[in-house]
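*Asks:* mmCIF, N, CA and C atoms, file target-v2.cif:
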data_structure
loop_
_atom_site.label_atom_id
_atom_site.label_comp_id
_atom_site.auth_asym_id
_atom_site.auth_seq_id
_atom_site.Cartn_x
_atom_site.Cartn_y
_atom_site.Cartn_z
N MET A 593 23.71 -3.46 5.66
CA MET A 593 23.60 -2.02 5.56
C MET A 593 24.75 -1.51 4.69
N GLU A 594 24.43 -0.68 3.72
CA GLU A 594 25.43 -0.10 2.83
C GLU A 594 26.29 0.91 3.59
N ILE A 595 27.52 1.11 3.11
CA ILE A 595 28.45 2.02 3.79
C ILE A 595 27.90 3.45 3.85
N ARG A 596 27.15 3.86 2.84
CA ARG A 596 26.55 5.20 2.87
C ARG A 596 25.56 5.32 4.03
N GLU A 597 24.79 4.27 4.28
CA GLU A 597 23.85 4.26 5.39
C GLU A 597 24.58 4.26 6.73
N VAL A 598 25.66 3.49 6.80
CA VAL A 598 26.48 3.45 8.02
C VAL A 598 27.02 4.85 8.32
N PHE A 599 27.59 5.48 7.30
CA PHE A 599 28.13 6.83 7.46
C PHE A 599 27.03 7.80 7.90
N ALA A 600 25.89 7.75 7.24
CA ALA A 600 24.78 8.65 7.56
C ALA A 600 24.35 8.48 9.02
N ARG A 601 24.17 7.23 9.44
CA ARG A 601 23.75 6.95 10.82
C ARG A 601 24.81 7.43 11.81
N ASN A 602 26.07 7.11 11.54
CA ASN A 602 27.15 7.48 12.46
C ASN A 602 27.34 8.99 12.54
N LEU A 603 27.21 9.67 11.42
CA LEU A 603 27.34 11.12 11.42
C LEU A 603 26.26 11.75 12.28
N ARG A 604 25.03 11.37 12.06
CA ARG A 604 23.92 11.93 12.84
C ARG A 604 24.05 11.60 14.31
N THR A 605 24.38 10.35 14.62
CA THR A 605 24.49 9.92 16.01
C THR A 605 25.62 10.64 16.72
N ALA A 606 26.77 10.76 16.07
CA ALA A 606 27.91 11.47 16.67
C ALA A 606 27.57 12.95 16.89
N ARG A 607 26.88 13.55 15.93
CA ARG A 607 26.49 14.96 16.06
C ARG A 607 25.56 15.15 17.25
N LEU A 608 24.53 14.31 17.34
CA LEU A 608 23.56 14.43 18.42
C LEU A 608 24.18 14.10 19.77
N ALA A 609 25.10 13.14 19.80
CA ALA A 609 25.77 12.78 21.05
C ALA A 609 26.58 13.95 21.61
N ARG A 610 26.99 14.85 20.74
CA ARG A 610 27.75 16.02 21.15
C ARG A 610 26.86 17.26 21.32
N GLY A 611 25.57 17.07 21.13
CA GLY A 611 24.63 18.17 21.32
C GLY A 611 24.74 19.27 20.28
N LEU A 612 25.17 18.89 19.07
CA LEU A 612 25.35 19.88 18.01
C LEU A 612 24.16 19.87 17.05
N SER A 613 23.79 21.03 16.60
CA SER A 613 22.80 21.13 15.52
C SER A 613 23.53 20.91 14.20
N GLN A 614 22.77 20.67 13.16
CA GLN A 614 23.39 20.57 11.83
C GLN A 614 24.09 21.88 11.49
N GLU A 615 23.49 22.98 11.86
CA GLU A 615 24.06 24.31 11.59
C GLU A 615 25.42 24.47 12.27
N GLU A 616 25.50 24.09 13.54
CA GLU A 616 26.76 24.22 14.27
C GLU A 616 27.84 23.31 13.70
N LEU A 617 27.48 22.08 13.37
CA LEU A 617 28.45 21.17 12.76
C LEU A 617 28.91 21.71 11.42
N ALA A 618 27.99 22.22 10.64
CA ALA A 618 28.34 22.80 9.34
C ALA A 618 29.32 23.95 9.51
N HIS A 619 29.08 24.79 10.48
CA HIS A 619 29.97 25.92 10.75
C HIS A 619 31.37 25.42 11.14
N ARG A 620 31.43 24.46 12.04
CA ARG A 620 32.71 23.93 12.51
C ARG A 620 33.50 23.25 11.40
N ALA A 621 32.79 22.59 10.49
CA ALA A 621 33.45 21.84 9.42
C ALA A 621 33.58 22.66 8.13
N ASP A 622 33.03 23.87 8.13
CA ASP A 622 33.03 24.74 6.95
C ASP A 622 32.36 24.04 5.76
N ILE A 623 31.17 23.51 6.04
CA ILE A 623 30.35 22.80 5.05
C ILE A 623 28.94 23.37 5.14
N ASP A 624 28.23 23.43 4.05
CA ASP A 624 26.87 23.94 4.05
C ASP A 624 25.95 23.03 4.86
N ARG A 625 25.03 23.64 5.61
CA ARG A 625 24.11 22.87 6.45
C ARG A 625 23.25 21.91 5.63
N THR A 626 22.84 22.33 4.45
CA THR A 626 22.00 21.45 3.64
C THR A 626 22.77 20.22 3.17
N TYR A 627 24.08 20.36 3.01
CA TYR A 627 24.92 19.21 2.65
C TYR A 627 25.00 18.24 3.83
N ILE A 628 25.12 18.76 5.05
CA ILE A 628 25.11 17.92 6.25
C ILE A 628 23.80 17.13 6.29
N SER A 629 22.69 17.81 6.06
CA SER A 629 21.39 17.16 6.06
C SER A 629 21.33 16.05 5.01
N SER A 630 21.82 16.33 3.83
CA SER A 630 21.82 15.32 2.76
C SER A 630 22.71 14.13 3.10
N LEU A 631 23.85 14.40 3.72
CA LEU A 631 24.73 13.30 4.14
C LEU A 631 24.04 12.43 5.19
N GLU A 632 23.38 13.05 6.15
CA GLU A 632 22.70 12.31 7.21
C GLU A 632 21.51 11.50 6.69
N ARG A 633 20.95 11.92 5.58
CA ARG A 633 19.85 11.17 4.97
C ARG A 633 20.34 10.16 3.94
N GLY A 634 21.65 10.14 3.70
CA GLY A 634 22.22 9.19 2.74
C GLY A 634 21.99 9.57 1.30
N VAL A 635 21.69 10.83 1.04
CA VAL A 635 21.43 11.30 -0.31
C VAL A 635 22.73 11.40 -1.11
N TYR A 636 23.78 11.89 -0.46
CA TYR A 636 25.08 12.08 -1.12
C TYR A 636 26.15 11.22 -0.47
N ASN A 637 27.20 10.95 -1.25
CA ASN A 637 28.42 10.34 -0.73
C ASN A 637 29.36 11.46 -0.33
N ALA A 638 30.06 11.28 0.77
CA ALA A 638 31.04 12.28 1.20
C ALA A 638 32.41 11.93 0.65
N SER A 639 33.15 12.94 0.23
CA SER A 639 34.54 12.71 -0.18
C SER A 639 35.37 12.43 1.07
N ILE A 640 36.54 11.88 0.88
CA ILE A 640 37.42 11.59 2.02
C ILE A 640 37.80 12.88 2.73
N ASP A 641 37.94 13.97 1.99
CA ASP A 641 38.25 15.26 2.61
C ASP A 641 37.11 15.73 3.51
N VAL A 642 35.89 15.55 3.06
CA VAL A 642 34.73 15.95 3.87
C VAL A 642 34.62 15.06 5.10
N VAL A 643 34.86 13.77 4.96
CA VAL A 643 34.85 12.87 6.12
C VAL A 643 35.86 13.36 7.15
N GLY A 644 37.04 13.73 6.70
CA GLY A 644 38.07 14.23 7.60
C GLY A 644 37.66 15.51 8.30
N ARG A 645 37.06 16.43 7.57
CA ARG A 645 36.63 17.70 8.18
C ARG A 645 35.51 17.49 9.19
N LEU A 646 34.59 16.59 8.87
CA LEU A 646 33.50 16.30 9.80
C LEU A 646 34.03 15.63 11.07
N ALA A 647 34.94 14.69 10.90
CA ALA A 647 35.53 14.00 12.06
C ALA A 647 36.26 15.01 12.95
N LYS A 648 37.02 15.89 12.35
CA LYS A 648 37.74 16.90 13.13
C LYS A 648 36.76 17.79 13.89
N ALA A 649 35.69 18.21 13.22
CA ALA A 649 34.68 19.05 13.85
C ALA A 649 33.97 18.33 15.00
N LEU A 650 33.83 17.01 14.86
CA LEU A 650 33.17 16.20 15.89
C LEU A 650 34.16 15.70 16.95
N GLU A 651 35.45 15.97 16.73
CA GLU A 651 36.51 15.54 17.64
C GLU A 651 36.54 14.02 17.80
N ILE A 652 36.45 13.33 16.65
CA ILE A 652 36.55 11.88 16.61
C ILE A 652 37.48 11.49 15.47
N GLU A 653 37.85 10.22 15.41
CA GLU A 653 38.63 9.71 14.29
C GLU A 653 37.70 9.52 13.09
N ALA A 654 38.21 9.78 11.91
CA ALA A 654 37.41 9.61 10.69
C ALA A 654 36.88 8.18 10.57
N SER A 655 37.67 7.22 11.00
CA SER A 655 37.25 5.81 10.91
C SER A 655 35.98 5.54 11.72
N GLU A 656 35.73 6.32 12.76
CA GLU A 656 34.53 6.12 13.57
C GLU A 656 33.26 6.42 12.77
N LEU A 657 33.36 7.28 11.78
CA LEU A 657 32.19 7.60 10.96
C LEU A 657 31.85 6.47 9.99
N LEU A 658 32.79 5.56 9.79
CA LEU A 658 32.57 4.45 8.86
C LEU A 658 32.45 3.10 9.56
N ASP A 659 32.57 3.10 10.87
CA ASP A 659 32.54 1.87 11.66
C ASP A 659 31.11 1.36 11.80
N ARG A 660 30.87 0.15 11.34
CA ARG A 660 29.52 -0.43 11.37
C ARG A 660 28.99 -0.65 12.78
N LYS A 661 29.87 -0.82 13.76
CA LYS A 661 29.45 -1.14 15.12
C LYS A 661 29.59 0.01 16.11
N LYS A 662 30.39 0.99 15.81
CA LYS A 662 30.76 2.04 16.77
C LYS A 662 29.57 2.71 17.43
N TRP A 663 28.61 3.14 16.67
CA TRP A 663 27.53 3.97 17.20
C TRP A 663 26.20 3.23 17.31
N ASN A 664 26.17 1.91 17.17
CA ASN A 664 24.91 1.15 17.17
C ASN A 664 24.06 1.40 18.41
N ALA A 665 24.63 1.25 19.60
CA ALA A 665 23.86 1.41 20.84
C ALA A 665 23.35 2.84 20.97
N THR A 666 24.19 3.80 20.68
CA THR A 666 23.79 5.20 20.77
C THR A 666 22.72 5.53 19.74
N ALA A 667 22.85 4.98 18.54
CA ALA A 667 21.88 5.24 17.48
C ALA A 667 20.50 4.75 17.89
N THR A 668 20.44 3.61 18.54
CA THR A 668 19.16 3.07 19.01
C THR A 668 18.54 4.00 20.04
N LYS A 669 19.34 4.51 20.97
CA LYS A 669 18.84 5.43 21.99
C LYS A 669 18.35 6.73 21.36
N VAL A 670 19.11 7.25 20.40
CA VAL A 670 18.74 8.49 19.73
C VAL A 670 17.43 8.31 18.97
N ALA A 671 17.28 7.20 18.27
CA ALA A 671 16.08 6.94 17.49
C ALA A 671 14.84 6.90 18.38
N LYS A 672 14.98 6.37 19.59
CA LYS A 672 13.85 6.27 20.50
C LYS A 672 13.44 7.62 21.07
N THR A 673 14.38 8.58 21.13
CA THR A 673 14.06 9.88 21.70
C THR A 673 13.58 10.88 20.66
N ASP A 674 13.72 10.56 19.38
CA ASP A 674 13.28 11.48 18.32
C ASP A 674 11.79 11.44 18.10
#
Would you put the structure from the file into structure tokens?

*Replies:*
Amino acid sequence: MEIREVFARNLRTARLARGLSQEELAHRADIDRTYISSLERGVYNASIDVVGRLAKALEIEASELLDRKKWNATATKVAKTD
């Protein structure tokens, strides 16, 4: 899995685990909602500054958004409920 896919999966999983909509996360991180959507779909690469802002908004470490194993179990559960 490419790092962009890892980031996209982890971002979406972390957001859903916290019960946040894309709109709410965008507001907290001061990022456009459509950009959040594009990041979660792997359309765009996030800058390191954006990764930091998203992590802060999600109350996690930035490294967790890039960790290949961190959100695997949760991602599987989220995928089954969608």

*Asks:* Pull the alpha helix (DSSP H) assignments for chain A out of DSSP run on the backbone, and list those residues as an NGL selection string.

*Replies:* :A and (595-609 or 614-621 or 625-632 or 640-650 or 664-673)

*Asks:* Using only C-alpha atoms, which of A:Ala654, A:Ala638, A:Leu608, A:Ala618 sits nearest A:Arg596?

*Replies:* A:Ala638

*Asks:* Could you tell me which residues the PyMOL selection byres (((chain A and resi 659 and name CA) around 9) and name CA) grabs in this file, written as a list in words?

*Replies:* Ile595, Val598, Phe599, Asn602, Ser655, Glu656, Leu657, Leu658, Arg660, Lys661, Lys662 and Trp663 of chain A

*Asks:* To one decimal place, how far is atom CA of A:Ser613 from atom CA of A:Met593 in Å?

*Replies:*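 According to the coordinates, atom CA of A:Ser613 and atom CA of A:Met593 are separated by 25.2 Å.
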
*Asks:* Atom CA of A:Lys648 and atom N of A:Glu594 are how many Å apart?

*Replies:*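 Result for atom CA of A:Lys648 versus atom N of A:Glu594: 24.0 Å, one decimal.
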
*Asks:* Applying the PyMOL selection byres ((chain A and resi 633) around 8) to the file I just gave you, which residues come out? Please list them as a list in words.

*Replies:*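 Selected by the PyMOL selection byres ((chain A and resi 633) around 8) in this file: Arg596, Glu597, Phe599, Ala600, Arg601, Arg604, Tyr627, Ile628, Ser629, Ser630, Leu631, Glu632, Gly634, Val635 and Tyr636 of chain A.
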
*Asks:* With the PyMOL selection byres ((chain A and resi 620) around 8) as the selection, what would be picked from this file? Answer as a list of chain:residue names, please.

*Replies:*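 When the PyMOL selection byres ((chain A and resi 620) around 8) is applied to the shown file, the picked residues are A:Gln614, A:Glu615, A:Glu616, A:Leu617, A:Ala618, A:His619, A:Ala621, A:Asp622, A:Ile623, A:Arg645, A:Leu646, A:Lys648, A:Ala649, A:Leu650.
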
*Asks:* How far is it from atom C of A:Ile640 to atom C of A:Asp624, in Å with one decimal?

*Replies:*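 Going from atom C of A:Ile640 over to atom C of A:Asp624 covers 15.7 Å.
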